[in-house]
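Next comes query_6.cif, with mmCIF, C-alpha atoms.
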```cif
data_input
loop_
_atom_site.label_atom_id
_atom_site.label_comp_id
_atom_site.auth_asym_id
_atom_site.auth_seq_id
_atom_site.Cartn_x
_atom_site.Cartn_y
_atom_site.Cartn_z
CA ALA A 197 0.00 0.00 0.00
CA LEU A 198 2.70 2.50 1.04
CA GLN A 199 4.86 1.34 -1.86
CA ALA A 200 2.02 1.98 -4.33
CA ASP A 201 1.23 5.39 -2.80
CA LEU A 202 4.87 6.46 -3.08
CA ARG A 203 5.11 5.30 -6.70
CA ALA A 204 1.88 7.08 -7.61
CA GLY A 205 3.05 10.31 -5.98
CA ARG A 206 0.20 10.32 -3.45
CA VAL A 207 2.72 10.51 -0.59
CA ASP A 208 5.30 13.32 -0.41
CA ILE A 209 7.42 11.80 2.33
CA ALA A 210 7.54 8.54 4.29
CA PRO A 211 9.83 8.81 7.33
CA MET A 212 11.00 5.53 8.89
CA PRO A 213 8.72 3.26 6.83
CA THR A 214 9.15 0.18 9.03
CA SER A 215 6.50 -1.77 7.09
CA LEU A 216 8.71 -1.85 3.98
CA SER A 217 11.22 -4.66 3.54
CA PRO A 218 14.81 -3.83 2.51
CA ASP A 219 13.93 -5.32 -0.93
CA ALA A 220 11.01 -2.91 -1.31
CA VAL A 221 13.20 0.04 -0.29
CA LYS A 222 15.86 -0.99 -2.85
CA GLN A 223 13.19 -1.14 -5.57
CA LEU A 224 11.95 2.36 -4.68
CA GLU A 225 15.56 3.60 -5.00
CA GLN A 226 15.25 2.86 -8.73
CA ASP A 227 12.19 5.12 -9.11
CA PRO A 228 13.29 8.32 -10.92
CA ASN A 229 10.72 10.44 -9.02
CA LEU A 230 11.79 9.31 -5.56
CA GLN A 231 14.78 9.71 -3.27
CA VAL A 232 15.76 7.19 -0.60
CA ASN A 233 17.84 8.59 2.25
CA ALA A 234 19.48 6.23 4.74
CA PHE A 235 20.94 7.74 7.92
CA THR A 236 22.93 6.03 10.66
CA GLY A 237 20.46 4.97 13.32
CA SER A 238 20.74 4.24 17.03
CA ASN A 239 17.82 1.83 17.42
CA VAL A 240 19.43 -1.49 18.18
CA VAL A 241 18.39 -5.01 17.19
CA LEU A 242 19.66 -7.61 19.64
CA LEU A 243 19.47 -11.13 20.92
CA THR A 244 18.59 -11.45 24.61
CA LEU A 245 20.22 -14.55 26.10
CA ASN A 246 18.58 -16.07 29.17
CA THR A 247 21.54 -16.40 31.54
CA SER A 248 19.47 -18.44 34.03
CA SER A 249 18.61 -21.20 31.54
CA ALA A 250 21.07 -24.04 30.91
CA PRO A 251 23.17 -24.26 28.79
CA LEU A 252 23.08 -20.47 28.33
CA ASP A 253 23.96 -20.08 32.02
CA ASN A 254 27.51 -20.90 30.88
CA VAL A 255 29.31 -17.75 29.66
CA LYS A 256 31.34 -19.79 27.14
CA VAL A 257 28.15 -20.96 25.44
CA ARG A 258 26.94 -17.35 25.19
CA GLN A 259 30.29 -16.22 23.78
CA ALA A 260 30.20 -19.12 21.30
CA ILE A 261 26.80 -17.92 20.05
CA ALA A 262 28.28 -14.44 19.51
CA TYR A 263 31.22 -15.80 17.50
CA ALA A 264 28.97 -18.11 15.44
CA ILE A 265 26.84 -15.37 13.84
CA ASP A 266 28.09 -13.53 10.75
CA ARG A 267 26.53 -10.10 11.31
CA ASP A 268 28.34 -8.56 8.32
CA SER A 269 26.75 -11.06 5.98
CA LEU A 270 23.29 -10.60 7.56
CA ILE A 271 23.54 -6.82 7.07
CA LYS A 272 24.74 -7.14 3.46
CA LYS A 273 22.42 -9.92 2.29
CA LEU A 274 19.23 -9.45 4.31
CA LEU A 275 19.28 -5.80 5.36
CA LEU A 276 20.83 -4.89 1.98
CA GLY A 277 23.22 -2.58 3.79
CA TYR A 278 20.55 -0.65 5.77
CA GLY A 279 22.28 -1.25 9.08
CA LYS A 280 25.61 -1.19 10.86
CA ILE A 281 27.16 -3.72 13.28
CA ALA A 282 26.38 -2.77 16.89
CA PRO A 283 29.20 -3.47 19.34
CA SER A 284 27.11 -2.01 22.17
CA ILE A 285 23.48 -1.49 23.20
CA ILE A 286 24.09 2.26 23.20
CA PRO A 287 24.88 4.05 19.94
CA GLU A 288 28.27 5.29 18.83
CA GLU A 289 26.95 8.87 19.05
CA SER A 290 26.50 8.60 22.84
CA TRP A 291 29.07 10.31 25.09
CA ALA A 292 29.37 7.05 27.06
CA TYR A 293 29.99 4.77 24.07
CA THR A 294 32.89 2.31 24.10
CA PRO A 295 32.93 -0.93 22.08
CA GLY A 296 34.18 -3.18 24.89
CA HIS A 297 34.97 -6.74 23.84
CA THR A 298 34.08 -7.10 20.15
CA TYR A 299 33.10 -10.32 18.39
CA SER A 300 34.08 -11.16 14.84
CA TYR A 301 32.57 -14.04 12.86
CA ASP A 302 34.73 -16.96 14.00
CA PRO A 303 33.06 -20.41 13.86
CA ALA A 304 36.32 -22.13 14.91
CA MET A 305 36.43 -20.00 18.06
CA ALA A 306 32.75 -20.79 18.70
CA LYS A 307 33.46 -24.54 18.48
CA LYS A 308 36.49 -24.20 20.75
CA LEU A 309 34.41 -22.39 23.41
CA LEU A 310 31.64 -25.01 23.18
CA ASP A 311 34.32 -27.68 23.58
CA GLU A 312 35.59 -25.94 26.73
CA ALA A 313 32.00 -25.69 28.00
CA GLY A 314 31.69 -29.48 27.74
CA PHE A 315 29.94 -29.76 24.37
CA LYS A 316 32.40 -31.85 22.39
CA ASP A 317 32.44 -31.55 18.62
CA PRO A 318 30.64 -34.73 17.49
CA ASP A 319 33.17 -35.12 14.66
CA GLY A 320 36.13 -34.69 16.98
CA ASP A 321 37.71 -37.18 19.33
CA GLY A 322 36.75 -37.64 22.93
CA PRO A 323 33.34 -38.03 24.57
CA LYS A 324 30.41 -37.21 22.31
CA LEU A 325 28.65 -34.64 24.46
CA ARG A 326 25.73 -33.13 22.60
CA PHE A 327 22.89 -30.73 23.30
CA ASP A 328 20.13 -33.00 24.61
CA LYS A 329 17.49 -30.63 23.24
CA PRO A 330 17.42 -27.61 20.94
CA VAL A 331 17.92 -24.10 22.27
CA VAL A 332 14.56 -22.26 22.10
CA TYR A 333 14.71 -19.04 20.03
CA LYS A 334 11.60 -16.85 20.30
CA LEU A 335 10.45 -13.82 18.37
CA SER A 336 7.18 -12.06 17.62
CA GLY A 337 5.19 -13.92 14.97
CA SER A 338 4.28 -10.61 13.33
CA SER A 339 7.91 -9.77 12.50
CA ILE A 340 8.40 -10.96 8.90
CA ALA A 341 11.98 -9.68 8.76
CA GLY A 342 12.69 -11.18 12.19
CA ARG A 343 11.57 -14.60 10.98
CA GLN A 344 13.89 -14.32 7.99
CA TYR A 345 16.85 -13.42 10.23
CA ALA A 346 15.94 -16.26 12.64
CA GLY A 347 16.29 -18.88 9.90
CA VAL A 348 19.76 -17.62 9.00
CA ILE A 349 20.86 -17.38 12.66
CA GLN A 350 19.54 -20.92 13.20
CA ASN A 351 21.81 -22.11 10.36
CA TYR A 352 24.87 -20.29 11.74
CA LEU A 353 24.36 -21.91 15.15
CA LYS A 354 23.72 -25.34 13.63
CA GLU A 355 27.06 -25.05 11.80
CA VAL A 356 28.92 -24.90 15.14
CA GLY A 357 26.81 -27.65 16.70
CA VAL A 358 24.06 -25.71 18.50
CA PRO A 359 20.57 -26.93 17.51
CA VAL A 360 17.90 -24.21 17.58
CA GLU A 361 14.11 -24.42 17.63
CA ILE A 362 12.37 -21.23 16.45
CA GLN A 363 9.06 -20.31 18.10
CA THR A 364 6.92 -17.37 16.98
CA PRO A 365 4.30 -16.48 19.63
CA GLU A 366 2.22 -13.35 19.12
CA GLN A 367 3.61 -10.14 20.57
CA ASN A 368 1.74 -10.06 23.91
CA THR A 369 2.46 -13.72 24.63
CA LEU A 370 6.11 -13.13 23.78
CA PHE A 371 6.40 -10.23 26.25
CA ASP A 372 4.80 -12.35 28.94
CA GLU A 373 7.21 -15.22 28.26
CA LEU A 374 10.19 -12.86 28.27
CA ARG A 375 9.07 -11.56 31.66
CA ARG A 376 8.76 -15.08 33.06
CA GLY A 377 12.08 -16.21 31.58
CA ASN A 378 10.33 -18.80 29.42
CA PHE A 379 12.82 -18.63 26.52
CA GLN A 380 16.52 -19.12 25.87
CA ILE A 381 17.26 -16.70 23.03
CA ALA A 382 14.88 -13.86 22.14
CA TYR A 383 15.09 -11.55 19.15
CA THR A 384 14.13 -8.07 20.27
CA GLN A 385 14.71 -4.46 19.29
CA TRP A 386 15.04 -1.28 21.29
CA VAL A 387 13.47 1.76 19.70
CA GLY A 388 14.50 5.03 21.36
CA GLY A 389 15.70 5.60 24.89
CA ASN A 390 19.09 3.93 24.49
CA GLN A 391 21.06 7.18 23.94
CA ASP A 392 21.51 7.60 27.69
CA PRO A 393 23.79 5.05 29.38
CA ILE A 394 21.38 4.74 32.34
CA PHE A 395 19.89 2.13 29.99
CA TYR A 396 22.63 -0.26 31.24
CA LYS A 397 21.07 -0.26 34.69
CA ASP A 398 17.61 -0.97 33.25
CA LEU A 399 18.95 -3.92 31.31
CA PHE A 400 21.57 -5.51 33.56
CA ALA A 401 21.09 -4.62 37.25
CA THR A 402 20.08 -7.53 39.49
CA SER A 403 17.32 -5.28 40.90
CA GLU A 404 15.78 -5.09 37.39
CA ILE A 405 15.19 -8.84 36.93
CA PRO A 406 11.46 -9.20 36.21
CA SER A 407 9.17 -11.00 38.62
CA GLN A 408 5.55 -12.23 38.41
CA THR A 409 4.37 -8.78 39.46
CA ARG A 410 7.05 -6.58 37.96
CA PRO A 411 7.69 -6.43 34.20
CA SER A 412 11.24 -5.04 34.49
CA ARG A 413 13.74 -4.89 31.67
CA ASN A 414 16.56 -7.24 32.74
CA ARG A 415 15.05 -10.08 30.74
CA SER A 416 18.38 -11.85 30.40
CA ARG A 417 18.13 -12.35 34.19
CA TYR A 418 21.78 -11.43 34.40
CA SER A 419 23.15 -10.87 37.90
CA ASN A 420 26.66 -9.73 38.73
CA LYS A 421 27.49 -8.05 42.07
CA GLU A 422 30.58 -6.30 40.66
CA LEU A 423 28.48 -4.83 37.85
CA ASP A 424 25.67 -3.80 40.24
CA ALA A 425 28.15 -1.74 42.27
CA LEU A 426 29.56 -0.07 39.13
CA LEU A 427 26.05 0.69 37.83
CA ASP A 428 25.01 2.31 41.13
CA GLU A 429 28.16 4.41 41.14
CA ALA A 430 27.74 5.42 37.47
CA VAL A 431 24.09 6.45 37.89
CA ASN A 432 25.06 8.72 40.80
CA THR A 433 28.11 10.28 39.12
CA PHE A 434 27.60 13.72 37.63
CA ASP A 435 31.17 14.11 36.38
CA ARG A 436 31.21 13.07 32.70
CA GLN A 437 34.86 11.96 32.74
CA LYS A 438 34.32 9.74 35.79
CA GLY A 439 31.08 8.51 34.22
CA LEU A 440 32.90 7.55 31.02
CA GLU A 441 35.49 5.57 33.01
CA LEU A 442 32.72 3.70 34.83
CA TYR A 443 30.68 2.99 31.69
CA THR A 444 33.84 1.77 29.94
CA LYS A 445 34.27 -0.83 32.72
CA ILE A 446 30.57 -1.65 32.57
CA GLN A 447 30.67 -2.21 28.80
CA GLU A 448 33.80 -4.40 29.19
CA ILE A 449 31.94 -6.68 31.63
CA VAL A 450 28.66 -6.77 29.71
CA SER A 451 30.34 -7.40 26.35
CA ARG A 452 32.49 -10.18 27.87
CA ASP A 453 29.54 -11.86 29.63
CA VAL A 454 27.06 -11.53 26.71
CA PRO A 455 23.70 -11.33 28.53
CA VAL A 456 22.59 -9.69 25.30
CA TYR A 457 24.24 -9.82 21.90
CA PRO A 458 23.69 -6.60 19.92
CA LEU A 459 23.34 -7.39 16.21
CA TRP A 460 23.05 -4.05 14.42
CA TYR A 461 21.90 -0.45 14.54
CA GLN A 462 19.09 -0.06 12.02
CA SER A 463 19.39 2.71 9.46
CA ASN A 464 16.81 5.48 9.64
CA ILE A 465 15.28 5.53 6.19
CA VAL A 466 13.30 8.39 4.69
CA ILE A 467 11.68 8.01 1.27
CA ALA A 468 10.41 11.17 -0.40
CA LYS A 469 9.60 12.79 -3.70
CA LYS A 470 12.62 14.36 -5.40
CA SER A 471 11.05 17.79 -4.74
CA VAL A 472 11.48 17.47 -0.94
CA GLY A 473 14.76 18.92 0.34
CA ASN A 474 16.80 19.38 3.52
CA ILE A 475 16.11 15.88 4.85
CA LYS A 476 18.39 15.39 7.85
CA VAL A 477 17.55 12.77 10.49
CA ASN A 478 19.43 12.29 13.76
CA ALA A 479 20.43 8.86 15.02
CA SER A 480 17.46 8.45 17.35
CA GLY A 481 15.15 8.89 14.35
CA ASP A 482 12.82 11.42 15.95
CA TRP A 483 10.61 13.41 13.64
CA GLY A 484 11.96 16.85 14.55
CA PHE A 485 13.55 17.16 11.09
CA VAL A 486 10.12 17.55 9.45
CA LYS A 487 9.87 21.24 10.43
CA ASP A 488 13.04 22.03 8.42
CA LEU A 489 11.96 20.38 5.17
CA THR A 490 11.82 22.37 1.96
CA VAL A 491 9.62 21.63 -1.05
CA THR A 492 10.29 22.87 -4.58
CA HIS A 493 7.46 22.90 -7.09
#
```

Represent the structure contained in this file as structure tokens.
Amino acid sequence: ALQADLRAGRVDIAPMPTSLSPDAVKQLEQDPNLQVNAFTGSNVVLLTLNTSSAPLDNVKVRQAIAYAIDRDSLIKKLLLGYGKIAPSIIPEESWAYTPGHTYSYDPAMAKKLLDEAGFKDPDGDGPKLRFDKPVVYKLSGSSIAGRQYAGVIQNYLKEVGVPVEIQTPEQNTLFDELRRGNFQIAYTQWVGGNQDPIFYKDLFATSEIPSQTRPSRNRSRYSNKELDALLDEAVNTFDRQKGLELYTKIQEIVSRDVPVYPLWYQSNIVIAKKSVGNIKVNASGDWGFVKDLTVTH
């Protein structure tokens, strides 16, 4: 519908058209009457790993999952370049950004870590320890793109010996299951609100683990006393330099322990008629830019 309206010239501008697939956006790029603008975004797509659910309660298994996924290839082939690898849950534009421990695509490293965690390569020598059941990967059934990514991620994990079962409950059921910890890997995205590093406390403090009555945000159920102390100190520090030092330590710990695995920052896409000018969108993708647009007739 939106695609047809843009082609027919019934729509002057479509900011952040999330309903369009990367393929549809690429096709609209070919339209001589339209312009497609892609800006670096800060909204982050990530995998939440349930650190309280075996075998993901073993940090080496979580690190293996991170090394097993080729994010570059996902961005090129499925997002068609409309994204950028995310080393952190906060964007590179944030004053508190540091990459921490970064993961490259390294299936051999993933297998080595699984070996060390007690999951022997079935083709190798030694005891044939295997996953007794697949790891449950959940995402919202309404996310068409998410389902596409899930199939590819499932293949990457299978290649290193981790079997994955994909489940696609509807959105409300999914949120309920995330709150109750009834998942092992969940595909989620954060839209807005991650510019400020206080977001770390929301996501990783022991006090933020959800309960039956409290739908808090630490869905990975990650708990680390050393990190809790650093988070409390960082939240109460008003000196930017000191804050940066603390958040650098925090990002080191979080990136090493992988309670979540950030996949990519999604590009902010604006499609408009060629006559619309001065399109400039900030990383958070808010709509403030609309007031500065120009239109030539």

Please determine, counting only C-alpha atoms, which residue among A:Lys272, A:Lys487, A:Arg267, A:Lys308 has the shortest atom-to-atom distance to Leu243 in chain A.
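The closest residue to Leu243 in chain A is A:Arg267.
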
10 Å contact set for Ala341 in chain A, only C-alpha atoms, chain neighbours under 5 positions out, as a ChimeraX atom specification
/A:215-218,274-275,346

Taking 6 positions as the minimum chain separation for residues in the same chain, which residues sit within 9 Å of Asn378 in chain A when counting only C-alpha atoms? Answer as a list in words.
Asn246, Ser249 and Asp372 of chain A

So that I have them on file, write out the residues from the current selection with C-alpha atoms, as a CSV table (one decimal), in the frame of the given file.
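Contents of result32.csv, as written:
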```
chain,number,residue,atom,x,y,z
A,246,ASN,CA,18.6,-16.1,29.2
A,249,SER,CA,18.6,-21.2,31.5
A,372,ASP,CA,4.8,-12.4,28.9
```

Within 6 Å of Leu245 in chain A using only C-alpha atoms, minus same-chain residues under 5 positions, as a list in words
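Selected residues are Gln380, Ile381, Ser416, Pro455 and Val456 of chain A.
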
Could you tell me which residues the PyMOL selection byres ((chain A and resi 404-412) around 12) grabs in this file, written as a short mmCIF file (atom, residue, chain, number, x, y, z; two decimals) with C-alpha atoms, keeping the file's coordinate frame?
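Saved result, part.cif, follows:
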```
data_model
loop_
_atom_site.label_atom_id
_atom_site.label_comp_id
_atom_site.auth_asym_id
_atom_site.auth_seq_id
_atom_site.Cartn_x
_atom_site.Cartn_y
_atom_site.Cartn_z
CA ASN A 246 18.58 -16.07 29.17
CA THR A 247 21.54 -16.40 31.54
CA SER A 248 19.47 -18.44 34.03
CA PHE A 371 6.40 -10.23 26.25
CA ASP A 372 4.80 -12.35 28.94
CA GLU A 373 7.21 -15.22 28.26
CA LEU A 374 10.19 -12.86 28.27
CA ARG A 375 9.07 -11.56 31.66
CA ARG A 376 8.76 -15.08 33.06
CA GLY A 377 12.08 -16.21 31.58
CA ASN A 378 10.33 -18.80 29.42
CA PHE A 395 19.89 2.13 29.99
CA TYR A 396 22.63 -0.26 31.24
CA LYS A 397 21.07 -0.26 34.69
CA ASP A 398 17.61 -0.97 33.25
CA LEU A 399 18.95 -3.92 31.31
CA PHE A 400 21.57 -5.51 33.56
CA ALA A 401 21.09 -4.62 37.25
CA THR A 402 20.08 -7.53 39.49
CA SER A 403 17.32 -5.28 40.90
CA ARG A 413 13.74 -4.89 31.67
CA ASN A 414 16.56 -7.24 32.74
CA ARG A 415 15.05 -10.08 30.74
CA SER A 416 18.38 -11.85 30.40
CA ARG A 417 18.13 -12.35 34.19
CA TYR A 418 21.78 -11.43 34.40
CA SER A 419 23.15 -10.87 37.90
CA ASN A 420 26.66 -9.73 38.73
CA ASP A 424 25.67 -3.80 40.24
CA LEU A 427 26.05 0.69 37.83
#
```

Min atom-atom distance to Gly314 in chain A from the set A:Pro251, A:Thr294, A:Lys273, A:Gln350, counting only C-alpha atoms, belongs to A:Pro251

Within 10 Å of (26.9, -18.3, 6.2) in the file's own coordinates, which protein, DNA or RNA residues have an atom, counting all atoms listed in the file? List them as a CSV table (one decimal) with C-alpha atoms, in the coordinates of the input.
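The resulting file, part.csv, is reproduced below:
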```csv
chain,number,residue,atom,x,y,z
A,264,ALA,CA,29.0,-18.1,15.4
A,265,ILE,CA,26.8,-15.4,13.8
A,266,ASP,CA,28.1,-13.5,10.8
A,267,ARG,CA,26.5,-10.1,11.3
A,269,SER,CA,26.8,-11.1,6.0
A,270,LEU,CA,23.3,-10.6,7.6
A,301,TYR,CA,32.6,-14.0,12.9
A,348,VAL,CA,19.8,-17.6,9.0
A,349,ILE,CA,20.9,-17.4,12.7
A,351,ASN,CA,21.8,-22.1,10.4
A,352,TYR,CA,24.9,-20.3,11.7
A,353,LEU,CA,24.4,-21.9,15.2
A,355,GLU,CA,27.1,-25.0,11.8
```

What lies within 12 Å of Thr433 in chain A using all atoms listed in the file, ignoring chain neighbours under 6 positions off, as a list of chain:residue names?
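The contact residues come out as A:Pro393, A:Ile394, A:Leu426, A:Leu427, A:Gly439, A:Leu440, A:Glu441, A:Leu442, A:Tyr443.
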
Using only C-alpha atoms, the shortest atom-to-atom distance to Arg258 in chain A among A:Ile446, A:Val454, A:Val241, A:Leu198 belongs to A:Val454

Mind pulling up the distance from CA of Leu242 in chain A to CA of Lys280 in chain A?
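CA of Lys280 in chain A sits 12.4 Å away from CA of Leu242 in chain A.
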
Please provide the set of residues having any atom within 10 Å of range 224-240 of chain A, restricted to all atoms listed in the file, with same-chain residues fewer than 6 positions apart removed, written as a PyMOL selection string.
chain A and resi 199-200+202-205+208-212+218+277-282+284-290+384-391+458-473+475-481

What is the CA of Tyr263 in chain A to CA of Ala306 in chain A distance in Å?
5.4 Å

Provide the CA of Gly296 in chain A to CA of Ile449 in chain A distance in Å, to one decimal place.
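So the answer is 7.9 Å.
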
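For the set A:Val491, A:Leu276, A:Val358, A:Val207, the residue with the smallest atom-to-atom gap to Phe315 in chain A is A:Val358, counting only C-alpha atoms.
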
Taking into account all atoms listed in the file, which residue in the set A:Ile362, A:Val332, A:Ile261, A:Ala292 is nearest to Lys438 in chain A?
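Nearest to Lys438 in chain A: A:Ala292.
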
Using the chain letters and numbers from the file, which residues does the PyMOL selection byres ((chain A and resi 299) around 9) grab, as number ranges by chain?
A: 259, 262-263, 283, 297-298, 300-302, 451

Give the answer as one residue: which of A:Ala425, A:Tyr457, A:Met305, A:Asn474 has the shortest atom-to-atom distance to Thr490 in chain A, using all atoms listed in the file?
A:Asn474
